[in-house]
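Next comes coords-v7.cif, a file with mmCIF, C-alpha atoms and all ligand atoms.
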data_my_file
#
loop_
_atom_site.label_atom_id
_atom_site.label_comp_id
_atom_site.auth_asym_id
_atom_site.auth_seq_id
_atom_site.Cartn_x
_atom_site.Cartn_y
_atom_site.Cartn_z
CA MET A 26 -114.08 -17.42 -36.97
CA THR A 27 -113.19 -13.79 -37.30
CA ILE A 28 -111.68 -12.38 -40.46
CA THR A 29 -109.71 -9.17 -40.33
CA ALA A 30 -109.25 -6.79 -43.22
CA ARG A 31 -105.55 -7.67 -43.30
CA ASP A 32 -106.37 -11.36 -43.75
CA ARG A 33 -108.05 -10.36 -47.00
CA GLY A 34 -105.22 -8.07 -48.09
CA LEU A 35 -107.20 -4.93 -47.37
CA ALA A 36 -105.70 -1.94 -45.58
CA ARG A 37 -107.83 0.67 -43.84
CA CYS A 38 -106.78 4.23 -44.63
CA GLU A 39 -105.91 6.10 -41.42
CA ALA A 40 -107.18 9.38 -42.80
CA CYS A 41 -110.43 8.53 -44.57
CA ALA A 42 -111.21 4.93 -43.48
CA LYS A 43 -111.46 3.55 -47.01
CA LEU A 44 -110.37 -0.05 -47.56
CA SER A 45 -107.93 -0.66 -50.40
CA ARG A 46 -105.84 -3.56 -51.64
CA LEU A 47 -102.26 -3.59 -50.44
CA PRO A 48 -99.67 -6.30 -51.18
CA LEU A 49 -99.03 -8.33 -48.04
CA LYS A 50 -95.34 -8.67 -48.84
CA ASN A 51 -93.38 -5.58 -47.97
CA THR A 52 -92.64 -3.79 -51.19
CA GLN A 53 -90.39 -0.78 -51.30
CA GLU A 54 -92.78 1.65 -52.94
CA THR A 55 -95.45 3.26 -50.79
CA ARG A 56 -99.05 2.79 -51.87
CA HIS A 57 -101.47 5.66 -51.55
CA CYS A 58 -105.16 5.73 -50.74
CA PRO A 59 -107.23 6.16 -53.92
CA ARG A 60 -109.70 8.37 -52.07
CA CYS A 61 -107.50 10.77 -50.11
CA ASN A 62 -103.93 10.02 -51.25
CA SER A 63 -102.56 9.29 -47.76
CA ALA A 64 -99.85 6.63 -47.43
CA LEU A 65 -101.36 3.20 -46.77
CA SER A 66 -100.22 0.62 -44.24
CA TYR A 67 -101.84 -2.30 -42.43
CA ARG A 68 -100.82 -1.05 -38.99
CA ARG A 69 -99.48 2.31 -37.87
CA PRO A 70 -95.77 2.21 -38.79
CA LEU A 71 -93.43 2.02 -35.77
CA SER A 72 -96.43 2.33 -33.46
CA LEU A 73 -94.77 0.84 -30.37
CA GLN A 74 -91.43 2.60 -30.89
CA PHE A 75 -93.11 6.01 -31.08
CA SER A 76 -95.40 5.23 -28.15
CA TRP A 77 -92.47 4.18 -25.97
CA ALA A 78 -90.48 7.28 -26.91
CA TYR A 79 -93.33 9.65 -26.08
CA THR A 80 -94.18 7.76 -22.89
CA LEU A 81 -90.62 7.82 -21.58
CA ALA A 82 -90.21 11.51 -22.41
CA ALA A 83 -93.50 12.31 -20.66
CA THR A 84 -92.52 10.27 -17.60
CA VAL A 85 -89.24 12.15 -17.26
CA LEU A 86 -90.95 15.53 -17.61
CA LEU A 87 -93.53 14.53 -15.00
CA ILE A 88 -90.82 15.10 -12.35
CA PRO A 89 -90.16 18.83 -13.01
CA ALA A 90 -93.86 19.31 -13.68
CA ASN A 91 -94.72 18.11 -10.19
CA PHE A 92 -91.81 19.40 -8.13
CA LEU A 93 -91.23 22.87 -9.59
CA PRO A 94 -93.63 25.73 -8.81
CA ILE A 95 -96.46 26.07 -11.30
CA LEU A 96 -98.26 29.14 -9.95
CA THR A 97 -97.39 31.97 -7.56
CA VAL A 98 -100.15 34.09 -6.06
CA VAL A 99 -98.66 37.32 -4.70
CA SER A 100 -101.05 39.36 -2.62
CA PHE A 101 -99.92 42.63 -0.96
CA GLY A 102 -96.31 41.74 -1.56
CA GLN A 103 -96.33 38.23 -0.15
CA GLY A 104 -97.07 34.79 -1.44
CA ASP A 105 -95.39 31.41 -1.89
CA PRO A 106 -94.92 29.53 -5.12
CA ASP A 107 -97.26 26.54 -5.41
CA THR A 108 -96.57 23.22 -6.99
CA ILE A 109 -99.51 21.32 -8.50
CA MET A 110 -99.94 19.24 -5.33
CA SER A 111 -99.59 22.12 -2.85
CA GLY A 112 -102.15 24.05 -4.90
CA VAL A 113 -104.58 21.16 -4.54
CA VAL A 114 -103.91 20.98 -0.78
CA LYS A 115 -104.51 24.73 -0.41
CA LEU A 116 -107.81 24.47 -2.28
CA TRP A 117 -108.82 21.57 -0.06
CA GLU A 118 -107.97 23.49 3.10
CA SER A 119 -109.93 26.54 2.02
CA GLU A 120 -113.13 24.45 1.92
CA LEU A 121 -113.09 24.06 -1.86
CA GLN A 122 -113.01 20.27 -1.83
CA LEU A 123 -114.87 19.85 -5.10
CA VAL A 124 -112.53 22.17 -7.00
CA ALA A 125 -109.55 20.51 -5.33
CA ALA A 126 -110.82 17.12 -6.52
CA VAL A 127 -111.32 18.39 -10.08
CA VAL A 128 -107.82 19.88 -10.23
CA PHE A 129 -106.29 16.77 -8.66
CA ILE A 130 -107.98 14.47 -11.16
CA ALA A 131 -107.15 16.63 -14.18
CA SER A 132 -103.55 17.48 -13.28
CA ILE A 133 -102.24 14.49 -11.37
CA ALA A 134 -104.50 11.46 -11.69
CA VAL A 135 -105.18 11.73 -15.43
CA PRO A 136 -101.56 12.13 -16.67
CA VAL A 137 -100.27 9.38 -14.37
CA ALA A 138 -103.15 7.04 -15.21
CA LYS A 139 -102.60 7.66 -18.91
CA LEU A 140 -98.91 6.78 -18.72
CA VAL A 141 -99.58 3.67 -16.63
CA ILE A 142 -102.31 2.48 -19.01
CA ILE A 143 -100.21 3.06 -22.14
CA VAL A 144 -97.32 1.11 -20.59
CA ILE A 145 -99.72 -1.73 -19.69
CA LEU A 146 -101.11 -1.81 -23.23
CA MET A 147 -97.64 -1.89 -24.76
CA LEU A 148 -96.58 -4.66 -22.39
CA VAL A 149 -99.66 -6.66 -23.33
CA VAL A 150 -98.54 -6.49 -26.95
CA GLN A 151 -94.84 -7.04 -26.32
CA VAL A 152 -94.61 -9.53 -23.46
CA ARG A 153 -98.20 -10.85 -23.65
CA LEU A 154 -99.46 -9.81 -20.27
CA PRO A 155 -102.55 -11.97 -19.72
CA LEU A 156 -105.28 -9.33 -19.99
CA SER A 157 -108.45 -9.67 -22.00
CA LYS A 158 -108.60 -7.80 -25.30
CA GLN A 159 -111.96 -6.29 -24.40
CA GLN A 160 -110.59 -4.76 -21.20
CA CYS A 161 -107.52 -3.43 -23.00
CA THR A 162 -109.69 -1.83 -25.66
CA ILE A 163 -111.80 -0.19 -22.97
CA LEU A 164 -108.62 1.17 -21.36
CA TYR A 165 -107.46 2.45 -24.75
CA ARG A 166 -110.73 4.31 -25.32
CA PHE A 167 -110.61 5.62 -21.77
CA ILE A 168 -107.20 7.29 -22.23
CA HIS A 169 -108.39 8.82 -25.49
CA PHE A 170 -111.44 10.22 -23.79
CA ILE A 171 -109.73 11.69 -20.71
CA GLY A 172 -106.47 12.88 -22.30
CA ARG A 173 -107.60 16.36 -23.23
CA TRP A 174 -108.91 17.13 -19.74
CA SER A 175 -105.35 17.50 -18.46
CA MET A 176 -105.28 20.84 -20.27
CA LEU A 177 -107.58 22.18 -17.56
CA ASP A 178 -104.76 23.36 -15.31
CA LEU A 179 -103.00 25.14 -18.17
CA PHE A 180 -106.17 26.98 -19.19
CA MET A 181 -106.71 27.93 -15.56
CA ILE A 182 -103.20 29.37 -15.37
CA SER A 183 -103.88 31.43 -18.48
CA ILE A 184 -107.17 32.69 -16.98
CA LEU A 185 -105.75 33.51 -13.53
CA VAL A 186 -102.59 35.16 -14.80
CA THR A 187 -104.70 37.55 -16.88
CA LEU A 188 -107.51 38.07 -14.40
CA VAL A 189 -105.34 38.84 -11.39
CA HIS A 190 -102.80 41.28 -12.74
CA MET A 191 -103.01 44.26 -10.40
CA GLY A 192 -99.49 45.39 -9.75
CA ASN A 193 -98.69 45.56 -6.04
CA ILE A 194 -102.08 44.54 -4.72
CA ALA A 195 -102.37 41.10 -6.23
CA ASN A 196 -100.60 39.23 -8.97
CA VAL A 197 -100.59 35.68 -10.26
CA GLU A 198 -97.47 34.46 -12.00
CA SER A 199 -96.85 31.18 -13.76
CA GLY A 200 -93.84 29.07 -12.83
CA PRO A 201 -91.41 26.85 -14.73
CA ALA A 202 -93.52 23.75 -14.06
CA ALA A 203 -96.21 25.12 -16.40
CA THR A 204 -94.12 24.51 -19.52
CA ALA A 205 -93.02 21.08 -18.27
CA PHE A 206 -96.63 20.16 -17.54
CA ALA A 207 -97.74 21.37 -20.98
CA ALA A 208 -95.07 19.13 -22.51
CA VAL A 209 -96.33 16.17 -20.43
CA VAL A 210 -99.89 16.73 -21.67
CA VAL A 211 -98.86 17.01 -25.32
CA LEU A 212 -96.52 14.02 -25.13
CA THR A 213 -99.15 11.79 -23.51
CA LEU A 214 -101.61 12.81 -26.24
CA PHE A 215 -99.01 11.84 -28.85
CA ALA A 216 -98.27 8.55 -27.06
CA ALA A 217 -101.95 7.60 -27.00
CA ASN A 218 -102.35 8.55 -30.66
CA SER A 219 -99.37 6.52 -31.83
CA PHE A 220 -100.49 3.32 -30.12
CA ASP A 221 -102.32 1.09 -32.58
CA PRO A 222 -105.09 -0.85 -30.75
CA ARG A 223 -105.24 -3.41 -33.56
CA LEU A 224 -101.94 -4.81 -32.31
CA LEU A 225 -103.82 -6.11 -29.26
CA TRP A 226 -106.27 -8.04 -31.41
CA ASP A 227 -103.53 -9.31 -33.71
CA LEU A 228 -102.23 -11.40 -30.80
CA ASP A 229 -105.13 -13.81 -31.35
CA HIS A 230 -104.17 -14.34 -34.96
CA ASP A 231 -100.48 -15.14 -34.90
CA MET B 26 -143.52 18.52 -68.22
CA PRO B 27 -142.27 17.32 -64.82
CA VAL B 28 -139.03 16.08 -66.38
CA ALA B 29 -137.44 19.51 -66.50
CA ALA B 30 -138.46 20.26 -62.97
CA GLN B 31 -137.09 16.93 -61.80
CA ARG B 32 -133.78 17.49 -63.49
CA PHE B 33 -133.50 20.80 -61.79
CA VAL B 34 -133.98 19.31 -58.33
CA LEU B 35 -132.28 15.99 -58.80
CA PRO B 36 -128.56 16.71 -58.45
CA TYR B 37 -128.82 18.09 -54.94
CA ASN B 38 -131.02 15.26 -53.72
CA SER B 39 -129.27 12.47 -55.56
CA VAL B 40 -125.83 13.23 -54.19
CA MET B 41 -127.22 13.82 -50.76
CA THR B 42 -128.92 10.42 -50.75
CA THR B 43 -126.11 8.37 -52.29
CA ALA B 44 -123.42 9.75 -50.00
CA SER B 45 -124.16 8.25 -46.63
CA PRO B 46 -122.44 8.13 -43.24
CA ILE B 47 -122.23 4.34 -43.68
CA PRO B 48 -119.21 3.02 -45.62
CA LYS B 49 -120.04 1.25 -48.89
CA ASP B 50 -120.10 -2.58 -48.98
CA LEU B 51 -117.18 -3.33 -46.69
CA THR B 52 -115.49 -1.66 -43.78
CA ALA B 53 -112.89 -2.54 -41.18
CA CYS B 54 -113.15 -1.74 -37.50
CA PRO B 55 -110.63 1.01 -36.63
CA ASP B 56 -109.84 -0.58 -33.25
CA CYS B 57 -109.61 -4.31 -34.06
CA ASP B 58 -109.50 -4.51 -37.89
CA LEU B 59 -112.50 -6.85 -38.09
CA LEU B 60 -113.85 -6.99 -41.64
CA LEU B 61 -117.55 -6.17 -41.83
CA HIS B 62 -120.26 -6.03 -44.47
CA THR B 63 -122.34 -2.89 -44.39
CA ASP B 64 -124.96 -3.74 -47.04
CA ASP B 65 -127.72 -4.82 -44.69
CA ALA B 66 -126.93 -2.18 -42.10
CA THR B 67 -128.77 0.75 -43.65
CA HIS B 68 -131.64 0.56 -41.19
CA ASP B 69 -129.59 0.70 -38.03
CA ARG B 70 -129.08 4.12 -36.55
CA GLN B 71 -125.66 3.25 -35.20
CA GLY B 72 -123.18 0.61 -36.24
CA HIS B 73 -121.03 -1.08 -33.62
CA CYS B 74 -118.22 -3.56 -34.06
CA PRO B 75 -119.42 -7.02 -32.92
CA ARG B 76 -115.97 -7.88 -31.58
CA CYS B 77 -114.79 -4.77 -29.72
CA ASP B 78 -117.92 -2.58 -29.69
CA ALA B 79 -116.27 0.38 -31.42
CA LEU B 80 -118.72 2.91 -32.88
CA LEU B 81 -118.43 2.49 -36.64
CA TRP B 82 -121.05 4.95 -37.86
CA ASP B 83 -123.89 7.05 -36.59
CA VAL B 84 -126.73 7.93 -38.92
CA SER B 85 -128.30 11.20 -37.91
CA ASN B 86 -129.41 12.28 -41.37
CA HIS B 87 -132.75 13.62 -40.20
CA ALA B 88 -130.82 16.65 -39.08
CA ARG B 89 -128.68 17.01 -42.14
CA ASP B 90 -128.21 20.77 -42.10
CA ILE B 91 -127.45 21.12 -38.42
CA ASP B 92 -123.67 20.80 -38.78
CA PHE B 93 -123.61 23.47 -41.49
CA ALA B 94 -125.86 25.83 -39.54
CA ALA B 95 -123.83 25.27 -36.37
CA ALA B 96 -120.58 26.00 -38.18
CA ILE B 97 -121.92 29.29 -39.58
CA SER B 98 -123.33 30.35 -36.18
CA GLY B 99 -120.06 29.37 -34.54
CA LEU B 100 -118.13 31.60 -36.93
CA LEU B 101 -120.44 34.53 -36.21
CA LEU B 102 -119.98 34.04 -32.47
CA PHE B 103 -116.26 33.54 -32.70
CA VAL B 104 -114.94 37.11 -32.57
CA PRO B 105 -117.03 38.20 -29.56
CA ALA B 106 -116.33 34.91 -27.76
CA VAL B 107 -112.59 35.35 -28.14
CA THR B 108 -112.24 39.07 -27.52
CA LEU B 109 -114.95 39.96 -24.96
CA PRO B 110 -114.07 39.69 -21.26
CA ILE B 111 -114.99 36.34 -19.73
CA LEU B 112 -114.67 37.11 -16.01
CA HIS B 113 -114.40 40.34 -14.03
CA PHE B 114 -112.44 40.38 -10.81
CA SER B 115 -112.20 43.18 -8.29
CA MET B 116 -110.23 43.36 -5.10
CA ALA B 117 -109.28 46.32 -2.92
CA GLY B 118 -110.56 48.81 -5.49
CA GLN B 119 -108.64 47.28 -8.36
CA HIS B 120 -110.29 45.62 -11.32
CA GLY B 121 -109.17 42.93 -13.71
CA SER B 122 -110.76 40.97 -16.51
CA ASN B 123 -109.69 38.33 -18.96
CA SER B 124 -110.58 37.16 -22.43
CA LEU B 125 -109.35 34.16 -24.42
CA ILE B 126 -106.94 36.21 -26.49
CA ASP B 127 -105.71 38.27 -23.49
CA GLY B 128 -104.84 35.01 -21.73
CA VAL B 129 -102.56 34.01 -24.58
CA TRP B 130 -101.00 37.49 -24.84
CA ARG B 131 -100.33 37.71 -21.10
CA LEU B 132 -98.50 34.35 -21.10
CA TRP B 133 -96.47 35.44 -24.12
CA GLN B 134 -95.41 38.60 -22.29
CA GLU B 135 -94.43 36.58 -19.25
CA SER B 136 -92.02 34.72 -21.54
CA GLU B 137 -94.03 31.50 -21.43
CA GLN B 138 -94.01 31.36 -25.22
CA LEU B 139 -94.42 27.59 -25.56
CA LEU B 140 -97.41 27.56 -23.23
CA ALA B 141 -98.88 30.59 -25.00
CA VAL B 142 -98.63 28.87 -28.38
CA LEU B 143 -100.25 25.68 -27.06
CA ILE B 144 -103.13 27.60 -25.49
CA LEU B 145 -103.51 29.70 -28.64
CA LEU B 146 -103.79 26.50 -30.66
CA CYS B 147 -106.27 24.72 -28.39
CA SER B 148 -108.52 27.63 -27.49
CA VAL B 149 -108.42 29.97 -30.50
CA VAL B 150 -106.84 28.61 -33.68
CA ALA B 151 -108.19 25.04 -33.64
CA PRO B 152 -111.82 26.02 -32.89
CA LEU B 153 -111.70 28.77 -35.52
CA VAL B 154 -110.16 26.66 -38.29
CA HIS B 155 -112.41 23.72 -37.36
CA MET B 156 -115.54 25.86 -37.80
CA LEU B 157 -114.19 27.51 -40.95
CA LEU B 158 -113.41 24.19 -42.59
CA ALA B 159 -116.69 22.61 -41.47
CA ALA B 160 -118.55 25.53 -43.08
CA THR B 161 -116.40 25.36 -46.23
CA ILE B 162 -116.86 21.61 -46.57
CA GLY B 163 -120.60 22.00 -46.03
CA LEU B 164 -120.69 24.71 -48.69
CA CYS B 165 -118.77 22.52 -51.16
CA GLN B 166 -121.30 19.73 -50.65
CA ARG B 167 -124.24 22.08 -51.15
CA LEU B 168 -122.78 23.69 -54.28
CA GLN B 169 -121.44 20.33 -55.45
CA ARG B 170 -118.15 21.88 -56.38
CA TYR B 171 -115.15 20.07 -54.99
CA PRO B 172 -111.85 21.92 -55.41
CA ASN B 173 -108.61 19.95 -55.42
CA LEU B 174 -107.90 21.11 -51.90
CA TYR B 175 -111.06 19.41 -50.57
CA PRO B 176 -109.28 16.23 -49.30
CA ARG B 177 -106.68 18.35 -47.55
CA TRP B 178 -109.38 20.50 -45.94
CA LEU B 179 -111.08 17.37 -44.66
CA LYS B 180 -107.86 16.08 -43.12
CA TRP B 181 -107.11 19.43 -41.51
CA HIS B 182 -110.68 19.55 -40.26
CA ASN B 183 -110.13 16.30 -38.35
CA TRP B 184 -106.83 17.43 -36.97
CA MET B 185 -108.20 20.78 -35.79
CA ARG B 186 -111.22 19.07 -34.31
CA SER B 187 -108.99 16.92 -32.13
CA TRP B 188 -107.08 19.98 -30.87
CA SER B 189 -110.09 22.18 -30.24
CA MET B 190 -110.52 22.03 -26.47
CA LEU B 191 -112.96 24.80 -25.63
CA GLU B 192 -115.06 22.48 -23.46
CA VAL B 193 -112.02 22.00 -21.22
CA TYR B 194 -111.49 25.77 -21.24
CA ALA B 195 -115.08 26.25 -20.10
CA MET B 196 -114.40 23.92 -17.18
CA GLY B 197 -111.28 26.01 -16.46
CA ILE B 198 -113.44 29.14 -16.25
CA ILE B 199 -115.73 27.46 -13.70
CA VAL B 200 -112.79 26.29 -11.60
CA ALA B 201 -111.12 29.72 -11.75
CA TYR B 202 -114.41 31.38 -10.79
CA VAL B 203 -114.86 29.20 -7.70
CA LYS B 204 -111.22 29.54 -6.75
CA MET B 205 -111.25 33.34 -6.86
CA MET B 206 -114.55 33.77 -4.99
CA HIS B 207 -112.67 33.78 -1.69
CA ASP B 208 -110.21 36.49 -2.61
CA GLY B 209 -112.48 39.13 -4.09
CA ASP B 210 -115.55 39.79 -6.21
CA VAL B 211 -115.79 37.69 -9.33
CA ALA B 212 -118.48 38.34 -11.91
CA VAL B 213 -119.39 36.68 -15.16
CA ALA B 214 -118.84 38.97 -18.14
CA PRO B 215 -120.47 38.92 -21.63
CA GLY B 216 -117.70 36.78 -23.13
CA THR B 217 -118.88 33.79 -21.08
CA TYR B 218 -122.29 33.83 -22.79
CA CYS B 219 -120.76 34.06 -26.24
CA LEU B 220 -118.32 31.30 -25.35
CA SER B 221 -121.12 29.03 -24.10
CA ALA B 222 -123.06 29.57 -27.32
CA LEU B 223 -119.91 28.91 -29.37
CA LEU B 224 -119.33 25.73 -27.41
CA LEU B 225 -122.87 24.57 -28.17
CA CYS B 226 -122.24 25.21 -31.89
CA ILE B 227 -119.01 23.21 -31.76
CA ILE B 228 -120.71 20.28 -30.03
CA LEU B 229 -123.59 20.27 -32.55
CA CYS B 230 -121.15 20.53 -35.43
CA ASN B 231 -119.17 17.57 -34.10
CA GLN B 232 -122.31 15.55 -33.49
CA TYR B 233 -123.83 15.94 -36.93
CA PHE B 234 -120.77 16.11 -39.16
CA SER B 235 -120.19 12.82 -40.95
CA GLU B 236 -116.69 12.31 -42.19
CA GLU B 237 -117.53 9.22 -44.22
CA GLN B 238 -120.28 11.14 -45.98
CA ALA B 239 -117.92 14.01 -46.75
CA TRP B 240 -115.42 11.54 -48.25
CA GLN B 241 -118.11 9.81 -50.30
CA CYS B 242 -119.14 13.20 -51.72
CA TRP B 243 -115.54 13.67 -52.84
CA GLU B 244 -115.46 10.22 -54.43
CA GLN B 245 -118.66 10.87 -56.35
CA ARG B 246 -117.66 14.35 -57.50
CA THR B 247 -118.49 15.09 -61.12
CA ASN B 248 -116.24 18.06 -61.77
CA ALA B 249 -113.00 16.23 -61.11
ZN ZN A 301 -107.74 7.52 -47.53
ZN ZN A 302 -113.71 -3.86 -33.56
#
Please go through the file and, once you have read it, give me the structure as structure tokens.
Amino acid sequence: MTITARDRGLARCEACAKLSRLPLKNTQETRHCPRCNSALSYRRPLSLQFSWAYTLAATVLLIPANFLPILTVVSFGQGDPDTIMSGVVKLWESELQLVAAVVFIASIAVPVAKLVIIVILMLVVQVRLPLSKQQCTILYRFIHFIGRWSMLDLFMISILVTLVHMGNIANVESGPAATAFAAVVVLTLFAANSFDPRLLWDLDHD
Amino acid sequence: MPVAAQRFVLPYNSVMTTASPIPKDLTACPDCDLLLHTDDATHDRQGHCPRCDALLWDVSNHARDIDFAAAISGLLLFVPAVTLPILHFSMAGQHGSNSLIDGVWRLWQESEQLLAVLILLCSVVAPLVHMLLAATIGLCQRLQRYPNLYPRWLKWHNWMRSWSMLEVYAMGIIVAYVKMMHDGDVAVAPGTYCLSALLLCIILCNQYFSEEQAWQCWEQRTNA
């Protein structure tokens, strides 16, 4: 028999982790944490609504991020704009397989995997997909762990654009996909942060 | 005779021993909301949730001053790490170099303002404010003076910590280095060493900083 904090009328503060009493019935006034004065609630308010909104926005932006050019290397007056994928292919062809793999994982695999996993987690909560809670929690921790690594490509753009800035001889310019990709990364981080993993475990209790 | 001496030493030790990284009496798992007693847990180094295996606390109090020392060292290293060149690149007689702050400035000039702001936040502002607040919070605990802004600092500290992504930036440097090796001469510049040292400080500071302990210090403050 497992007892949750909510069963005992205790809410865990999101900011400082302190447990405090909170009336189970929804009262109009907001209670505040006695330790840090943050607003208290049993579960993150509107967790699924926010997660869905961020996830959908990120999915839409994934299209310009992948099909518009992200980086243009101009050397002695010539050079083609590269999308994320064509950049990976070029790296692979120039015998830099390891780097190509790193960029592919950080820029394509991680954002897509994150979105897929968040959608799965939300579906588990909403339509009760039959997945074990342990596995879902592992997936949840996984997307939190890998999320920040998608910034790799953006940092690389910032490094290359500054490093290779030599007028006519060689120049690296960023493309419109860079901003779209940055938005995807930020939105997936928000989506993962708004999802409340306790909703998964609550399914056992209802 | 020893009474006076004891009273002189006591405050520092007493607060340091009563504020612990383990929550008092009861806690709830952040991931599954399981209610747990923490009374008999003082001997375990780490606390895990029995239901979902979430890490609930990590007692590393043998190295109590490491987070403070790391924050101070990180602040000292910050200016060189951000302004010194990280990589040198030369090709057909032309030379280029980059630093953290140049990278942001260059993107801003190329009218990628949104991207520039995001990179400024993740690679410069968040690491700086994170270290600053970690040092300030450490100082408050050592002086036992807790200003009214202390809870806000602690919340900002957590927020900045989650947006500080210098370890990803370091990976970006490695990838950029390998990528440019084919096109010209790339060399590691002094900024890389400062940045590596700063990164080490940030990791140590993250490892040894206990949020729960910092909050308990605030709860037990005497000069409220
Ligand atoms: Zn609180
Ligand atoms: Zn748990």
Open item on the list: My list of candidates is B:Pro55, B:Pro48, B:Pro152, B:Pro176. Which is closest to ligand ZN 301 (chain A) when distances are computed with all atoms listed in the file?
Closed with: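 Using all atoms listed in the file, ligand ZN 301 (chain A) sits closest to B:Pro176.
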- [ ] Check every protein, DNA and RNA residue against ligand ZN 302 (chain A), keep those with an atom at most 8 Å away (counting all atoms listed in the file), and present them as a ChimeraX atom specification.
- [x] /B:53-59,73-79
Open item on the list: Excluding Thr43 of chain B and its own-chain neighbours fewer than 5 positions away, which residues fall within 10 Å of it when counting all atoms listed in the file? Please give them as a list of chain:residue names.
Closed with: B:Asn38, B:Lys49, B:Gln238, B:Gln241, B:Cys242, B:Gln245
TODO: Please write out the residues within 6 Å of ligand ZN 301 (chain A) as a list of chain:residue names, counting all atoms listed in the file.
DONE: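 Those residues are A:Cys38, A:Ala40, A:Cys41, A:Ala42, A:Lys43, A:Cys58, A:Arg60, A:Cys61, A:Asn62, A:Ser63.
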- [ ] Pull out every residue of chain A sitting within 6 Å of chain B, counting all atoms listed in the file, and send them as a PyMOL selection string.
- [x] chain A and resi 28-30+61+174+177+180-181+183-184+187-188+204+222-223+226
TODO: Extract, using only C-alpha atoms, all DNA, RNA and protein residues at most 8 Å from Arg68 of chain A, discarding same-chain residues fewer than 2 positions from it, and format them as a PyMOL selection string.
DONE: chain A and resi 66+70+72+221+223-224
TODO: Please provide as JSON, numbers by chain all residues within 12 Å of Ser157 of chain A, with the sequence filter that same-chain residues fewer than 3 positions apart are discarded (counting all atoms listed in the file).
DONE: {"A": [146, 149, 150, 153, 154, 160, 161, 162, 163, 164, 225, 226, 228, 229], "B": [77]}
Open item on the list: My list of candidates is B:Leu164, B:Val213, B:Met206, B:Leu229. Which is closest to Leu116 of chain A when distances are computed with only C-alpha atoms?
Closed with: B:Met206
Open item on the list: Can you measure atom CA of Thr80 of chain A to atom CA of Val141 of chain A for me? One decimal in Å is fine.
Closed with: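 Computing it gives 9.2 Å between the two atoms.
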